[in-house]
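Inspection log for the structure reproduced underneath, given as structure tokens.
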Amino acid sequence: MAKTGVGARWESELAVYQDPISGATIHQLTNYKGHSNHFYFTYPCWYDSGRKIVFYSDRDNRTNLFGVDLITGGIVQLTDFDPAQAAVGGLSKNPVREEVYFYRGGVLTALDLVTLETRPLYTRPEGYVGGSSNATADGKYICAGHYKDLSDQFMIDLGHGYVGFREIWAAHPPSTIVKIPIDGGASEVVYEEDYWLGHFNCSTKLPDIMTFCHEGPWHLVENRIWGLNLNTGEAWQIRPNAPDEAIGHEYWLQDGEHIGYHGRTPSGPVYGAIRYDNTDQVEAPFEGHCWHFHSYMLDLVVGDGDAKDPYLLLWRFKEGGSTGDGPSFEGPKVLVWHRGSFHTQRVHLHPCFNDNGTQIIYTADPQGYGQVFAVDVPAFETLPDLADVKARS
């Protein structure tokens with residue numbers, strides 16, 4: 001390994017093997033005695049034409065950003081921050097240029113993935129917190145959100161057990177969504193509300209449309225998923241909740257027009273997708289518990305299981321047939337025995353399909369430290385059923 005610092009090359013930590021239950025090919029991309037983890041699943045961070053990803057890693061007693069080649073396993077250090085400085089968080093990638101964005105303390109920062117130079121874009125207002133941001137589909141703006149800091153009123157540690165989660169929701173803190181020009185210029189407040197706002201996800205196709213959520217316990221928020229027109233400031237409910245429903249973990253499908261989600265209705269668990277204007281909805285009963293889900297389109301869905309059933313699981317969507325049966329999901333099938341603990345946010349699996357649906361990135365800690373993995377997606381029919389795997393265990 002070369003001397004650490006921006007641009008330093010680390011030896012490959014790549015190990016390739018077959019999952020002992022499914023036979024799927026796993027690429028373990030990191031193997032360091034410190035936590036490494038990939039991006040949040042709604043903010044994919046592939047770059048170099050999909051050959052590499054950006055990830056966080058704790059090395060030399062500090063957290064920095066690194067890039068890893070998915071083929072060779074070669075690792076390059078992208079940032080070099082002093083351990084006494086503020087933590088790095090809120091990672092997201094520009095969809096049309098080789099640049100990622102993250103917060104260091106209250107400063108939203110851009111990192112050029114070619115030159116490895118950084119520049120500040122925006123400073124969060126004093127007394128506010130929140131580290132989530134996303135670039136618009138045309139790559140011209142970053143949309144960031146923040147809410148009033150309430151840590152002087154009660155204990156908050158959202159990254160380690162959601163401490164204070166319900167209390168923040170109940171307080172309805174003032175929140176703001178800001179549109180920030182990436183190439184310089186004044187920022188613009190596009191939406192404000194006395195509600196805890198989060199999950200700021202820009203459409204991957206429509207540069208003036210994004211979603212955000214009313215954050216909090218899903219069964220208590222009056223509606224989780226919201227749309228926002230960045231030009232007019234108009235906000236609207238997406239997939240409006242009926243009584244006794246809990247819907248969330250929304251994300252944009254690959255077409256940039258439809259939004260995937262999961263949740264629970266009085267009839268049981270459901271999975272579905274809906275266009276941002278509340279048309280073209282498809283929703284079907286869904287069997288199996290996971291913390292997070294993702295899909296390329298709606299045809300194949302991955303879920304992360306839980307500590308009791310520590311498997312990456314796959315479901316396949318079926319359209320309604322001529323017999324009058326409605327849409328449904330086949331599965332779950334076991335893709336990976338990940339053995340993840342879900343102990344903190346850093347080691348949540350947050351599985352995420354790549355742009356062509358052939359590989360899934362995830363983080364797990366089967367040996368104690370969080371590491372980053374990629375698994376090749378085999379034919380659905382070749383995978384074992386979860387029920388059969390559990391019956392044999």
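Labels used: A, B, ... for chains in the order of the structure tokens, numbers from 1 for residues in each chain, and numbers from 1 for ligands as shown.
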Would you mind listing what lies within 10 Å of Asp376 of chain A as a short mmCIF file (atom, residue, chain, number, x, y, z; two decimals) with N, CA and C atoms, in the first residue's frame, with only C-alpha atoms counted and same-chain residues fewer than 3 positions away left out?
```
data_model
loop_
_atom_site.label_atom_id
_atom_site.label_comp_id
_atom_site.auth_asym_id
_atom_site.auth_seq_id
_atom_site.Cartn_x
_atom_site.Cartn_y
_atom_site.Cartn_z
N ALA A 24 -24.76 -18.36 -5.52
CA ALA A 24 -24.52 -17.10 -6.22
C ALA A 24 -23.08 -16.63 -6.00
N THR A 25 -22.52 -15.95 -6.99
CA THR A 25 -21.15 -15.47 -6.91
C THR A 25 -21.10 -14.16 -6.15
N ILE A 26 -20.30 -14.14 -5.08
CA ILE A 26 -20.15 -12.96 -4.23
C ILE A 26 -18.75 -12.39 -4.41
N HIS A 27 -18.67 -11.07 -4.53
CA HIS A 27 -17.40 -10.36 -4.61
C HIS A 27 -17.26 -9.54 -3.33
N LEU A 335 -30.90 -15.35 -2.03
CA LEU A 335 -29.78 -14.98 -2.89
C LEU A 335 -28.45 -15.08 -2.14
N PHE A 353 -29.59 -2.50 -6.59
CA PHE A 353 -29.28 -3.00 -7.93
C PHE A 353 -28.43 -1.99 -8.70
N GLY A 357 -29.43 -4.14 -13.58
CA GLY A 357 -30.09 -5.19 -12.81
C GLY A 357 -29.32 -6.48 -12.71
N THR A 358 -28.01 -6.48 -13.01
CA THR A 358 -27.23 -7.72 -13.01
C THR A 358 -26.45 -7.96 -11.73
N GLN A 359 -26.32 -6.92 -10.89
CA GLN A 359 -25.51 -7.05 -9.69
C GLN A 359 -26.13 -6.21 -8.58
N ILE A 360 -25.94 -6.65 -7.34
CA ILE A 360 -26.45 -5.93 -6.17
C ILE A 360 -25.29 -5.63 -5.23
N ILE A 361 -25.21 -4.38 -4.77
CA ILE A 361 -24.24 -3.97 -3.77
C ILE A 361 -24.90 -4.00 -2.41
N ALA A 379 -30.22 -16.50 -12.48
CA ALA A 379 -31.61 -16.72 -12.88
C ALA A 379 -32.45 -17.02 -11.64
#
```
What's the 10 Å shell around Lys33 of chain A, counting only C-alpha atoms, without same-chain residues fewer than 6 positions away, as a list in words?
Ser57, Asp58, Arg59, Gln367, Gly368, Tyr369, Gly370 and Gln371 of chain A
Those residues with N, CA, C and O atoms, as an mmCIF file, in the first residue's frame please?
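Result saved to again20.cif:
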```
data_model
loop_
_atom_site.group_PDB
_atom_site.id
_atom_site.type_symbol
_atom_site.label_atom_id
_atom_site.label_comp_id
_atom_site.auth_asym_id
_atom_site.auth_seq_id
_atom_site.Cartn_x
_atom_site.Cartn_y
_atom_site.Cartn_z
ATOM 1 N N SER A 57 -15.030 4.336 4.516
ATOM 2 C CA SER A 57 -14.233 3.347 5.227
ATOM 3 C C SER A 57 -13.482 3.994 6.379
ATOM 4 O O SER A 57 -12.977 5.115 6.249
ATOM 5 N N ASP A 58 -13.444 3.279 7.517
ATOM 6 C CA ASP A 58 -12.694 3.716 8.693
ATOM 7 C C ASP A 58 -11.287 3.147 8.601
ATOM 8 O O ASP A 58 -11.078 1.945 8.843
ATOM 9 N N ARG A 59 -10.330 3.967 8.243
ATOM 10 C CA ARG A 59 -8.936 3.538 8.118
ATOM 11 C C ARG A 59 -8.038 4.606 8.731
ATOM 12 O O ARG A 59 -8.299 5.805 8.583
ATOM 13 N N GLN A 367 -18.185 -11.029 10.004
ATOM 14 C CA GLN A 367 -17.007 -11.261 10.833
ATOM 15 C C GLN A 367 -16.795 -10.148 11.864
ATOM 16 O O GLN A 367 -15.759 -10.111 12.512
ATOM 17 N N GLY A 368 -17.774 -9.255 12.018
ATOM 18 C CA GLY A 368 -17.674 -8.234 13.055
ATOM 19 C C GLY A 368 -17.574 -6.822 12.527
ATOM 20 O O GLY A 368 -18.195 -5.916 13.067
ATOM 21 N N TYR A 369 -16.775 -6.596 11.497
ATOM 22 C CA TYR A 369 -16.676 -5.285 10.880
ATOM 23 C C TYR A 369 -17.537 -5.235 9.622
ATOM 24 O O TYR A 369 -17.617 -6.208 8.867
ATOM 25 N N GLY A 370 -18.162 -4.082 9.382
ATOM 26 C CA GLY A 370 -18.908 -3.913 8.156
ATOM 27 C C GLY A 370 -17.982 -3.941 6.951
ATOM 28 O O GLY A 370 -16.936 -3.294 6.952
ATOM 29 N N GLN A 371 -18.367 -4.716 5.930
ATOM 30 C CA GLN A 371 -17.606 -4.792 4.687
ATOM 31 C C GLN A 371 -18.569 -4.634 3.513
ATOM 32 O O GLN A 371 -19.772 -4.867 3.652
#
```
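Counting only C-alpha atoms, Arg264 of chain A has the following residues at most 8 Å away, ignoring those fewer than 4 positions along the same chain: A:Glu245, A:Ala246, A:Ile247, A:Gly268, A:Pro269, A:Val270.
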Go ahead and write the residues just picked, C-alpha atoms, as a PDB file, in the first residue's frame.
```
ATOM      1  CA  GLU A 245     -51.826   1.855   6.448  1.00  0.00           C
ATOM      2  CA  ALA A 246     -48.055   2.205   6.818  1.00  0.00           C
ATOM      3  CA  ILE A 247     -46.233   2.817   3.522  1.00  0.00           C
ATOM      4  CA  GLY A 268     -51.428  -7.476   5.015  1.00  0.00           C
ATOM      5  CA  PRO A 269     -48.005  -6.541   3.550  1.00  0.00           C
ATOM      6  CA  VAL A 270     -47.916  -5.028   0.047  1.00  0.00           C
TER       7      VAL A 270
END
```
Within 6 Å of segment 228-243 of chain A, counting only C-alpha atoms, which residues qualify if same-chain residues fewer than 2 places away don't, as a list in words?
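That gives Val190, Tyr191, Asp208, Ile209, Met210, Thr211, Asn223, Ile225, Trp226, Glu245 and Asn278 of chain A.
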Restricting the calculation to only C-alpha atoms, which member of A:Glu193, A:Phe380, A:Thr279, A:Gly227 is positioned closest to Val302 of chain A?
A:Phe380
Enumerate the residues of segment 108-297 of chain A with a DSSP assignment of alpha helix (DSSP H), computed from the backbone, and present them as a ChimeraX atom specification.
/A:165-171
Could you name the residues that touch segment 177-182 of chain A at 8 Å or less, counting only C-alpha atoms, but leaving out those on the same chain fewer than 2 positions away, as a PDB file with N, CA and C atoms, in the first residue's frame?
```pdb
ATOM      1  N   LEU A 121     -20.133  23.788  -1.384  1.00  0.00           N
ATOM      2  CA  LEU A 121     -21.274  24.247  -2.174  1.00  0.00           C
ATOM      3  C   LEU A 121     -22.277  25.047  -1.356  1.00  0.00           C
ATOM      4  N   TYR A 122     -22.416  24.688  -0.085  1.00  0.00           N
ATOM      5  CA  TYR A 122     -23.531  25.250   0.691  1.00  0.00           C
ATOM      6  C   TYR A 122     -23.259  24.995   2.163  1.00  0.00           C
ATOM      7  N   GLY A 139     -28.277  17.218 -13.613  1.00  0.00           N
ATOM      8  CA  GLY A 139     -26.987  17.421 -12.976  1.00  0.00           C
ATOM      9  C   GLY A 139     -26.670  18.852 -12.618  1.00  0.00           C
ATOM     10  N   LYS A 140     -27.653  19.764 -12.685  1.00  0.00           N
ATOM     11  CA  LYS A 140     -27.377  21.186 -12.480  1.00  0.00           C
ATOM     12  C   LYS A 140     -27.557  21.653 -11.047  1.00  0.00           C
ATOM     13  N   TYR A 141     -28.360  20.938 -10.276  1.00  0.00           N
ATOM     14  CA  TYR A 141     -28.679  21.378  -8.917  1.00  0.00           C
ATOM     15  C   TYR A 141     -28.559  20.214  -7.931  1.00  0.00           C
ATOM     16  N   ILE A 142     -28.295  20.574  -6.680  1.00  0.00           N
ATOM     17  CA  ILE A 142     -28.402  19.650  -5.560  1.00  0.00           C
ATOM     18  C   ILE A 142     -29.613  20.077  -4.743  1.00  0.00           C
ATOM     19  N   CYS A 143     -30.449  19.127  -4.383  1.00  0.00           N
ATOM     20  CA  CYS A 143     -31.576  19.397  -3.499  1.00  0.00           C
ATOM     21  C   CYS A 143     -31.255  18.810  -2.125  1.00  0.00           C
ATOM     22  N   ALA A 144     -31.216  19.664  -1.131  1.00  0.00           N
ATOM     23  CA  ALA A 144     -30.827  19.262   0.222  1.00  0.00           C
ATOM     24  C   ALA A 144     -31.914  19.670   1.197  1.00  0.00           C
ATOM     25  N   GLY A 145     -32.040  18.925   2.273  1.00  0.00           N
ATOM     26  CA  GLY A 145     -33.033  19.240   3.293  1.00  0.00           C
ATOM     27  C   GLY A 145     -32.410  19.261   4.669  1.00  0.00           C
ATOM     28  N   HIS A 146     -32.967  20.083   5.538  1.00  0.00           N
ATOM     29  CA  HIS A 146     -32.493  20.120   6.912  1.00  0.00           C
ATOM     30  C   HIS A 146     -33.661  20.503   7.824  1.00  0.00           C
ATOM     31  N   SER A 175     -38.720  22.479   8.919  1.00  0.00           N
ATOM     32  CA  SER A 175     -37.838  21.842   7.947  1.00  0.00           C
ATOM     33  C   SER A 175     -37.840  22.638   6.653  1.00  0.00           C
ATOM     34  N   GLY A 184     -22.247  27.043  -8.930  1.00  0.00           N
ATOM     35  CA  GLY A 184     -22.158  28.340  -8.284  1.00  0.00           C
ATOM     36  C   GLY A 184     -23.417  29.154  -8.451  1.00  0.00           C
ATOM     37  N   GLY A 185     -23.649  30.042  -7.499  1.00  0.00           N
ATOM     38  CA  GLY A 185     -24.843  30.876  -7.519  1.00  0.00           C
ATOM     39  C   GLY A 185     -25.606  30.748  -6.217  1.00  0.00           C
ATOM     40  N   ALA A 186     -26.630  31.557  -6.084  1.00  0.00           N
ATOM     41  CA  ALA A 186     -27.394  31.596  -4.846  1.00  0.00           C
ATOM     42  C   ALA A 186     -28.299  30.374  -4.721  1.00  0.00           C
ATOM     43  N   SER A 187     -28.410  29.847  -3.512  1.00  0.00           N
ATOM     44  CA  SER A 187     -29.344  28.762  -3.242  1.00  0.00           C
ATOM     45  C   SER A 187     -30.760  29.322  -3.129  1.00  0.00           C
ATOM     46  N   GLU A 188     -31.738  28.429  -3.316  1.00  0.00           N
ATOM     47  CA  GLU A 188     -33.143  28.834  -3.295  1.00  0.00           C
ATOM     48  C   GLU A 188     -33.927  27.892  -2.403  1.00  0.00           C
ATOM     49  N   VAL A 189     -34.645  28.455  -1.447  1.00  0.00           N
ATOM     50  CA  VAL A 189     -35.561  27.660  -0.633  1.00  0.00           C
ATOM     51  C   VAL A 189     -36.797  27.356  -1.467  1.00  0.00           C
ATOM     52  N   VAL A 190     -37.060  26.063  -1.707  1.00  0.00           N
ATOM     53  CA  VAL A 190     -38.196  25.702  -2.553  1.00  0.00           C
ATOM     54  C   VAL A 190     -39.378  25.166  -1.747  1.00  0.00           C
ATOM     55  N   TYR A 191     -39.139  24.780  -0.472  1.00  0.00           N
ATOM     56  CA  TYR A 191     -40.257  24.259   0.318  1.00  0.00           C
ATOM     57  C   TYR A 191     -39.907  24.357   1.795  1.00  0.00           C
ATOM     58  N   GLU A 192     -40.894  24.719   2.600  1.00  0.00           N
ATOM     59  CA  GLU A 192     -40.746  24.767   4.054  1.00  0.00           C
ATOM     60  C   GLU A 192     -42.002  24.218   4.707  1.00  0.00           C
ATOM     61  N   LEU A 230     -39.923  21.421  -8.314  1.00  0.00           N
ATOM     62  CA  LEU A 230     -38.846  22.323  -7.923  1.00  0.00           C
ATOM     63  C   LEU A 230     -38.963  23.699  -8.549  1.00  0.00           C
TER      64      LEU A 230
END
```
Any idea what's packed within 9 Å of Gly161 of chain A, counting only C-alpha atoms, ignoring anything in its chain fewer than 6 positions away? Could you give it as a list in words?
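What passes the distance filter is His343, Thr344 and Gln345 of chain A.
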